[in-house]
$ cat target37.cif   # mmCIF, C-alpha atoms
data_upload
loop_
_atom_site.label_atom_id
_atom_site.label_comp_id
_atom_site.auth_asym_id
_atom_site.auth_seq_id
_atom_site.Cartn_x
_atom_site.Cartn_y
_atom_site.Cartn_z
CA MET A 1 30.70 13.95 -1.97
CA THR A 2 27.70 14.38 -4.28
CA SER A 3 28.41 13.72 -7.94
CA THR A 4 27.77 16.59 -10.37
CA PHE A 5 28.23 14.47 -13.48
CA THR A 6 25.74 15.54 -16.16
CA PRO A 7 24.73 12.69 -18.47
CA PRO A 8 25.47 13.44 -22.14
CA GLY A 9 21.80 13.16 -23.06
CA LEU A 10 20.83 15.66 -20.35
CA ALA A 11 23.53 18.11 -21.47
CA ARG A 12 22.22 17.84 -25.00
CA PHE A 13 18.66 18.43 -23.79
CA ASN A 14 19.76 21.51 -21.83
CA ASP A 15 21.28 22.96 -25.01
CA LEU A 16 18.32 22.28 -27.30
CA GLU A 17 16.63 25.21 -28.98
CA GLU A 18 13.24 25.79 -27.32
CA ARG A 19 11.15 24.43 -30.19
CA ALA A 20 13.20 21.22 -30.30
CA ALA A 21 13.03 20.86 -26.50
CA PHE A 22 9.25 21.31 -26.64
CA ALA A 23 8.95 18.55 -29.26
CA ALA A 24 11.15 16.17 -27.26
CA LEU A 25 9.19 16.71 -24.05
CA HIS A 26 5.82 16.57 -25.80
CA GLU A 27 6.68 13.03 -26.94
CA ALA A 28 7.06 12.11 -23.27
CA CYS A 29 3.88 13.85 -22.07
CA ALA A 30 1.15 15.58 -24.10
CA SER A 31 0.39 18.20 -21.41
CA THR A 32 1.45 21.62 -22.73
CA ALA A 33 1.58 23.06 -19.20
CA TRP A 34 3.92 20.28 -18.04
CA VAL A 35 6.20 20.77 -21.04
CA ARG A 36 6.42 24.55 -20.56
CA ARG A 37 7.28 24.23 -16.86
CA LEU A 38 10.12 21.81 -17.58
CA ILE A 39 11.53 24.00 -20.34
CA ALA A 40 11.39 27.08 -18.11
CA ALA A 41 13.42 25.31 -15.41
CA ARG A 42 16.38 24.47 -17.64
CA PRO A 43 19.30 23.87 -17.31
CA TYR A 44 19.34 20.78 -15.10
CA ALA A 45 22.58 19.74 -13.42
CA THR A 46 21.47 16.14 -12.86
CA ALA A 47 18.80 13.81 -14.14
CA GLU A 48 17.27 13.73 -10.66
CA GLU A 49 16.69 17.49 -10.86
CA LEU A 50 14.76 16.94 -14.09
CA TYR A 51 12.67 14.14 -12.55
CA ASP A 52 11.89 16.29 -9.48
CA ALA A 53 10.85 19.16 -11.75
CA SER A 54 8.56 16.76 -13.60
CA ASP A 55 6.91 15.65 -10.35
CA ALA A 56 6.43 19.26 -9.24
CA ALA A 57 4.93 20.29 -12.58
CA LEU A 58 2.62 17.29 -12.55
CA ALA A 59 1.32 18.16 -9.08
CA GLU A 60 0.18 21.54 -10.41
CA LEU A 61 -1.71 20.26 -13.44
CA THR A 62 -5.41 21.07 -13.56
CA ALA A 63 -8.09 18.57 -14.53
CA ALA A 64 -7.98 19.98 -18.07
CA ASP A 65 -4.19 19.59 -18.16
CA LEU A 66 -4.49 15.97 -17.04
CA ALA A 67 -7.09 15.33 -19.73
CA GLU A 68 -4.69 16.73 -22.31
CA ALA A 69 -1.92 14.46 -21.02
CA MET A 70 -4.13 11.36 -21.05
CA ALA A 71 -5.21 12.07 -24.62
CA GLY A 72 -1.64 11.30 -25.65
CA HIS A 73 -1.87 7.72 -24.35
CA PRO A 74 -3.51 4.90 -26.32
CA PRO A 75 -5.64 2.22 -24.65
CA ILE A 76 -3.81 -0.71 -23.09
CA GLY A 77 -3.29 -3.39 -25.72
CA ARG A 78 -3.75 -1.02 -28.66
CA PRO A 79 -0.61 1.13 -29.06
CA ARG A 80 -0.78 3.50 -31.99
CA PRO A 81 1.24 2.71 -35.13
CA GLY A 82 4.42 4.76 -35.05
CA ASP A 83 4.30 5.14 -31.24
CA PRO A 84 7.39 3.18 -30.10
CA ALA A 85 7.19 4.40 -26.50
CA SER A 86 3.70 2.97 -25.90
CA ALA A 87 4.52 -0.23 -27.79
CA ARG A 88 7.63 -0.72 -25.65
CA GLU A 89 5.82 0.05 -22.39
CA GLN A 90 2.93 -2.30 -23.21
CA ARG A 91 5.11 -5.27 -24.13
CA GLY A 92 3.44 -7.25 -21.40
CA MET A 93 0.43 -7.52 -23.73
CA ALA A 94 2.52 -8.80 -26.63
CA GLY A 95 1.96 -12.45 -25.80
CA ALA A 96 -1.55 -12.06 -24.42
CA SER A 97 -4.17 -14.59 -25.45
CA ASP A 98 -7.13 -13.62 -27.61
CA GLU A 99 -9.35 -14.01 -24.54
CA LEU A 100 -7.24 -11.60 -22.49
CA ARG A 101 -7.16 -9.06 -25.32
CA ALA A 102 -10.94 -9.24 -25.67
CA GLU A 103 -11.35 -8.82 -21.90
CA MET A 104 -9.03 -5.79 -21.88
CA LEU A 105 -10.99 -4.20 -24.72
CA GLU A 106 -14.25 -4.64 -22.83
CA LEU A 107 -12.75 -3.30 -19.60
CA ASN A 108 -11.16 -0.33 -21.38
CA LEU A 109 -14.52 0.64 -22.88
CA ALA A 110 -16.30 0.28 -19.54
CA TYR A 111 -13.63 2.36 -17.79
CA GLN A 112 -13.74 5.08 -20.44
CA GLU A 113 -17.53 5.23 -20.25
CA ARG A 114 -17.37 5.66 -16.46
CA PHE A 115 -14.56 8.21 -16.23
CA GLY A 116 -14.54 9.86 -19.67
CA HIS A 117 -10.89 9.14 -20.39
CA VAL A 118 -8.54 6.29 -21.26
CA PHE A 119 -7.38 3.90 -18.54
CA LEU A 120 -3.84 4.92 -17.62
CA VAL A 121 -1.32 2.73 -15.82
CA CYS A 122 2.47 2.61 -15.81
CA ALA A 123 2.63 -0.56 -17.90
CA THR A 124 6.42 -0.95 -18.04
CA GLY A 125 7.31 -4.38 -16.68
CA LEU A 126 3.67 -5.41 -16.11
CA THR A 127 2.14 -8.54 -17.56
CA GLY A 128 -1.15 -8.44 -19.40
CA GLU A 129 -2.85 -10.09 -16.42
CA ARG A 130 -1.59 -7.40 -14.07
CA MET A 131 -2.87 -4.66 -16.36
CA ARG A 132 -6.26 -6.36 -16.48
CA ASP A 133 -6.33 -6.72 -12.69
CA ALA A 134 -5.44 -3.03 -12.31
CA VAL A 135 -8.38 -1.81 -14.37
CA LYS A 136 -10.72 -4.22 -12.56
CA GLU A 137 -9.52 -2.86 -9.21
CA ARG A 138 -9.80 0.80 -10.18
CA ILE A 139 -13.03 0.88 -12.17
CA GLY A 140 -15.07 1.14 -8.97
CA ASN A 141 -13.19 4.20 -7.66
CA ALA A 142 -14.81 7.56 -7.16
CA PRO A 143 -13.85 9.97 -9.98
CA GLU A 144 -11.86 12.21 -7.62
CA ARG A 145 -9.89 9.24 -6.27
CA GLU A 146 -9.25 7.89 -9.76
CA ARG A 147 -7.99 11.27 -10.99
CA GLU A 148 -5.26 11.27 -8.34
CA ILE A 149 -4.29 7.68 -9.16
CA VAL A 150 -4.01 8.74 -12.80
CA ARG A 151 -1.76 11.62 -11.74
CA THR A 152 0.50 9.18 -9.86
CA GLU A 153 0.67 6.72 -12.78
CA LEU A 154 1.39 9.55 -15.21
CA GLY A 155 4.26 10.64 -12.99
CA LYS A 156 5.80 7.17 -13.15
CA ILE A 157 5.46 7.08 -16.95
CA ASN A 158 6.95 10.55 -17.32
CA ARG A 159 9.97 9.62 -15.20
CA ILE A 160 10.65 6.52 -17.29
CA ARG A 161 10.33 8.44 -20.55
CA LEU A 162 12.51 11.29 -19.30
CA ALA A 163 15.14 8.74 -18.25
CA ARG A 164 15.24 7.43 -21.81
CA LEU A 165 15.46 11.00 -23.11
CA VAL A 166 18.44 12.01 -20.99
CA GLU A 167 20.23 8.67 -21.27
CA GLU A 168 19.72 8.09 -24.99
CA ASP A 169 23.30 9.05 -25.73
CA ALA A 170 24.69 6.61 -23.19
CA ARG A 171 26.56 3.53 -24.35
CA PRO A 172 24.95 0.15 -23.58
CA MET A 173 28.13 -1.02 -21.84
CA SER A 174 29.46 0.36 -18.57
CA THR A 175 31.55 3.47 -18.03
CA SER A 176 33.98 4.42 -15.29
CA THR A 177 31.13 6.07 -13.33
CA THR A 178 28.43 3.41 -13.47
CA ALA A 179 27.72 -0.25 -14.21
CA SER A 180 25.38 -1.74 -16.81
CA VAL A 181 23.10 -4.78 -16.79
CA SER A 182 21.69 -7.22 -19.33
CA THR A 183 19.82 -10.51 -19.08
CA HIS A 184 18.29 -13.32 -21.07
CA ILE A 185 16.00 -16.22 -20.15
CA LEU A 186 16.21 -19.85 -21.22
CA ASP A 187 13.18 -22.06 -20.63
CA THR A 188 14.92 -25.30 -19.69
CA SER A 189 11.65 -27.25 -19.74
CA VAL A 190 11.60 -26.98 -23.54
CA GLY A 191 15.21 -26.01 -24.28
CA ARG A 192 14.57 -22.68 -25.95
CA PRO A 193 14.45 -18.94 -25.14
CA ALA A 194 11.50 -17.60 -23.15
CA GLU A 195 9.80 -14.85 -25.16
CA GLY A 196 7.49 -12.18 -23.76
CA VAL A 197 8.55 -12.28 -20.10
CA ALA A 198 8.21 -8.85 -18.49
CA VAL A 199 11.35 -7.72 -16.63
CA ARG A 200 11.52 -4.76 -14.25
CA LEU A 201 14.83 -3.18 -13.17
CA SER A 202 15.33 -1.46 -9.80
CA ALA A 203 18.46 0.00 -8.24
CA ARG A 204 19.70 1.56 -5.03
CA PRO A 205 22.91 3.28 -3.90
CA GLY A 206 23.40 1.07 -0.81
CA ARG A 207 21.85 -1.76 1.19
CA ASP A 208 20.12 0.69 3.54
CA ALA A 209 18.65 2.81 0.73
CA ASP A 210 15.19 2.35 -0.77
CA TRP A 211 14.79 0.54 -4.05
CA ARG A 212 13.85 2.77 -6.97
CA ALA A 213 12.27 1.36 -10.13
CA PHE A 214 13.92 2.50 -13.35
CA GLY A 215 11.55 0.86 -15.82
CA GLY A 216 11.87 -2.39 -17.63
CA SER A 217 11.34 -4.33 -20.80
CA ALA A 218 10.23 -7.74 -22.03
CA THR A 219 12.22 -10.57 -23.56
CA ASP A 220 12.33 -10.87 -27.34
CA ALA A 221 12.28 -14.02 -29.49
CA ASP A 222 15.87 -14.74 -28.39
CA GLY A 223 14.89 -14.44 -24.72
CA ARG A 224 16.86 -11.19 -24.37
CA CYS A 225 16.04 -7.73 -23.03
CA LYS A 226 17.90 -5.33 -25.30
CA ASP A 227 16.63 -2.04 -23.89
CA LEU A 228 16.90 -2.19 -20.10
CA PRO A 229 17.36 1.34 -18.77
CA ALA A 230 20.82 2.59 -17.83
CA LEU A 231 21.85 2.54 -14.17
CA PRO A 232 22.28 5.88 -12.38
CA VAL A 233 25.63 6.96 -11.04
CA GLY A 234 26.12 5.68 -7.49
CA THR A 235 24.29 2.37 -7.95
CA THR A 236 25.74 -0.43 -5.82
CA GLN A 237 22.86 -2.95 -5.88
CA VAL A 238 20.46 -3.98 -8.64
CA ARG A 239 17.29 -6.05 -8.62
CA LEU A 240 15.69 -7.74 -11.63
CA ASP A 241 12.07 -8.85 -11.23
CA PHE A 242 10.90 -11.45 -13.75
CA ALA A 243 7.12 -11.93 -14.11
CA VAL A 244 7.15 -15.55 -15.25
CA GLU A 245 3.66 -16.82 -14.36
CA SER A 246 1.85 -15.44 -17.42
CA TYR A 247 4.58 -16.81 -19.68
CA PHE A 248 4.12 -20.35 -18.36
CA ARG A 249 0.34 -20.11 -18.44
CA GLU A 250 0.50 -19.18 -22.11
CA GLN A 251 2.96 -21.97 -22.86
CA SER A 252 0.76 -24.45 -21.02
CA ALA A 253 -2.27 -23.40 -23.04
CA ASN A 254 -0.34 -23.75 -26.30
CA ARG A 255 1.05 -27.21 -25.60
CA GLN A 256 -1.10 -28.72 -22.89
CA ALA A 257 -0.64 -32.30 -24.00
CA ASP A 258 3.17 -32.04 -24.11
CA ALA A 259 3.29 -30.26 -20.77
CA GLN A 260 1.48 -33.13 -19.07
CA GLN A 261 4.15 -35.54 -20.26
CA ASP A 262 7.25 -33.41 -19.78
CA ALA A 263 6.52 -31.58 -16.50
CA PRO A 264 6.44 -33.21 -13.05
CA ALA A 265 2.96 -34.00 -11.79
CA ASN A 266 1.47 -31.39 -9.50
CA ARG A 267 0.66 -33.80 -6.70
CA ASP A 268 -0.64 -31.37 -4.10
CA GLY A 269 -3.20 -29.70 -6.32
CA GLY A 270 -1.34 -26.38 -6.04
CA PRO A 271 -0.64 -23.85 -8.79
CA ALA A 272 0.81 -25.00 -12.11
CA VAL A 273 3.66 -22.49 -11.67
CA PHE A 274 5.39 -22.80 -8.31
CA PHE A 275 7.34 -19.52 -8.61
CA PRO A 276 5.01 -16.90 -10.18
CA GLU A 277 7.74 -14.25 -9.86
CA VAL A 278 11.52 -14.39 -9.68
CA ALA A 279 13.51 -11.59 -8.02
CA VAL A 280 17.29 -11.52 -8.42
CA THR A 281 19.36 -9.04 -6.39
CA PHE A 282 23.09 -8.55 -6.96
CA ALA A 283 25.89 -6.11 -6.20
CA VAL A 284 27.60 -4.01 -8.87
CA VAL A 285 30.62 -1.74 -9.10
CA PRO A 286 31.28 1.10 -11.56
CA GLY A 287 33.07 0.18 -14.76
CA GLU A 288 31.67 -3.36 -14.95
CA HIS A 289 29.00 -4.92 -17.15
CA TYR A 290 26.78 -7.57 -15.54
CA HIS A 291 25.02 -10.14 -17.68
CA VAL A 292 22.69 -12.15 -15.43
CA PRO A 293 20.90 -14.99 -17.28
CA LEU A 294 17.91 -16.83 -15.83
CA LEU A 295 17.48 -20.58 -16.39
CA LEU A 296 13.81 -21.25 -15.84
CA ASN A 297 11.22 -24.01 -15.58
CA PRO A 298 7.78 -24.13 -13.92
CA PHE A 299 9.15 -25.62 -10.70
CA GLY A 300 12.59 -24.04 -10.29
CA TYR A 301 15.14 -21.59 -11.56
CA SER A 302 18.83 -20.71 -11.35
CA VAL A 303 20.85 -17.60 -12.13
CA TYR A 304 24.51 -16.83 -12.59
CA ARG A 305 26.81 -14.06 -13.73
CA GLY A 306 27.38 -14.63 -17.42
CA SER A 307 29.67 -12.97 -19.90
#
$ encode --input "target37.cif" --output "structure tokens"
Amino acid sequence: MTSTFTPPGLARFNDLEERAAFAALHEACASTAWVRRLIAARPYATAEELYDASDAALAELTAADLAEAMAGHPPIGRPRPGDPASAREQRGMAGASDELRAEMLELNLAYQERFGHVFLVCATGLTGERMRDAVKERIGNAPEREREIVRTELGKINRIRLARLVEEDARPMSTSTTASVSTHILDTSVGRPAEGVAVRLSARPGRDADWRAFGGSATDADGRCKDLPALPVGTTQVRLDFAVESYFREQSANRQADAQQDAPANRDGGPAVFFPEVAVTFAVVPGEHYHVPLLLNPFGYSVYRGS
């Protein structure tokens, strides 16, 4: 039987006065046409109905509407002061080297000169290197092709921001209808938390269902992700993807001499990081909280269910 549970945040959004609803949606996407379509379709029985309405509205946006939406997004690596959404989504650039930041600035300017608008990518859970690679890959696209890629990326961003909007009243711990997840990372090669590792959360309602990304975060100075998105009702399996390669490359650059003494020699001439990504999949049940720490070093890792 399909659940008709309406998340508290969604119920609150349904009841907002129109001006307040407009302001809340405009923070998620700067397109006036998109905002008006979503307001006109209220009330929403489920969060998925809201996300589907967002996708449908986005598909109908004109080139001018898309330009208005893109104007609300700052360049990668330069979130605006007072813009917590962009700062949170671009956390993968937080630990970027000066060289990477300079390269991103140059690429952003070249992209904007070619297409006339800011480079847009769903940055949640991406490392700085992946953002750089994305702009390098897309800068050669034809304008018509790039416009549709921008539309797709904007749709991903809007879904993540709407999820935060409708789930903002949810408790961080689990309820009787869903589970919750948290994680932290300890770099065992140096015996301290791993800061700045991008983490992406995906979920599915069964082993035969498709994975669906629900956004992500990046570890703080304590190695913790404190704002992983809430799990939807019906989730039975969760996957956490840890982008660890850029973290170790930065650490290696900062303490190259120590790393040569403390880390095993790379005898085969292969990469300095043996596991560039770590994916952890686990089963969950409603009413439980799952803390899944990652113990990490350049040549191995282990995970366990913590408390």
$ closest_atom_pairs --input "target37.cif" --of "segment 24-55 of chain A" --to "segment 133-157 of chain A" --cutoff "9 Å" --atoms "only C-alpha atoms" --output "Markdown table"
| residue | atom | partner | partner_atom | distance |
| --- | --- | --- | --- | --- |
| A:Ala28 | CA | A:Ile157 | CA | 8.2 |
| A:Cys29 | CA | A:Leu154 | CA | 8.5 |
| A:Ser54 | CA | A:Gly155 | CA | 7.5 |
| A:Asp55 | CA | A:Gly155 | CA | 6.3 |
$ residues_around --input "target37.cif" --residues "segment 236-241 of chain A" --least-positions-apart "6" --cutoff "12 Å" --atoms "all atoms listed in the file" --output "ChimeraX atom specification"
/A:124-127,177-184,197-218,225,228-230,275-288,290-294,303
$ resolve_selection --input "target37.cif" --expression "the PyMOL selection byres ((chain A and resi 63-76) around 7)" --output "ChimeraX atom specification"
/A:29-31,33,61-62,77-80,90,108,118-119
$ axis_aligned_box --input "target37.cif" --around "segment 21-39 of chain A" --padding-each-side "6 Å" --output "AutoDock Vina command-line options"
--center_x 6.7 --center_y 18.3 --center_z -23.1 --size_x 24.6 --size_y 24.4 --size_z 24.4
$ resolve_selection --input "target37.cif" --expression "the PyMOL selection byres ((chain A and resi 14-19) around 10)" --output "list in words"
Pro8, Gly9, Leu10, Ala11, Arg12, Phe13, Ala20, Ala21, Phe22, Ala23, Ala24, Arg36, Ile39, Ala40, Ala41, Arg42, Pro43, Tyr44, Ala45 and Val166 of chain A
$ residues_around --input "target37.cif" --residues "Leu162 of chain A" --least-positions-apart "2" --cutoff "9 Å" --atoms "all atoms listed in the file" --output "PyMOL selection string"
chain A and resi 25+28+47+50-51+54+157-160+164-167
$ atom_distance --input "target37.cif" --atom1 "atom CA of Glu129 of chain A" --atom2 "atom CA of Gly300 of chain A"
21.7 Å
$ atom_distance --input "target37.cif" --atom1 "atom CA of Ala194 of chain A" --atom2 "atom CA of Asn297 of chain A"
9.9 Å
$ atom_distance --input "target37.cif" --atom1 "atom CA of Met104 of chain A" --atom2 "atom CA of Gly116 of chain A"
16.7 Å
$ closest_residue --input "target37.cif" --among "A:Ala163, A:Leu296, A:Met93, A:Leu120" --to "Gly191 of chain A" --atoms "all atoms listed in the file"
A:Leu296
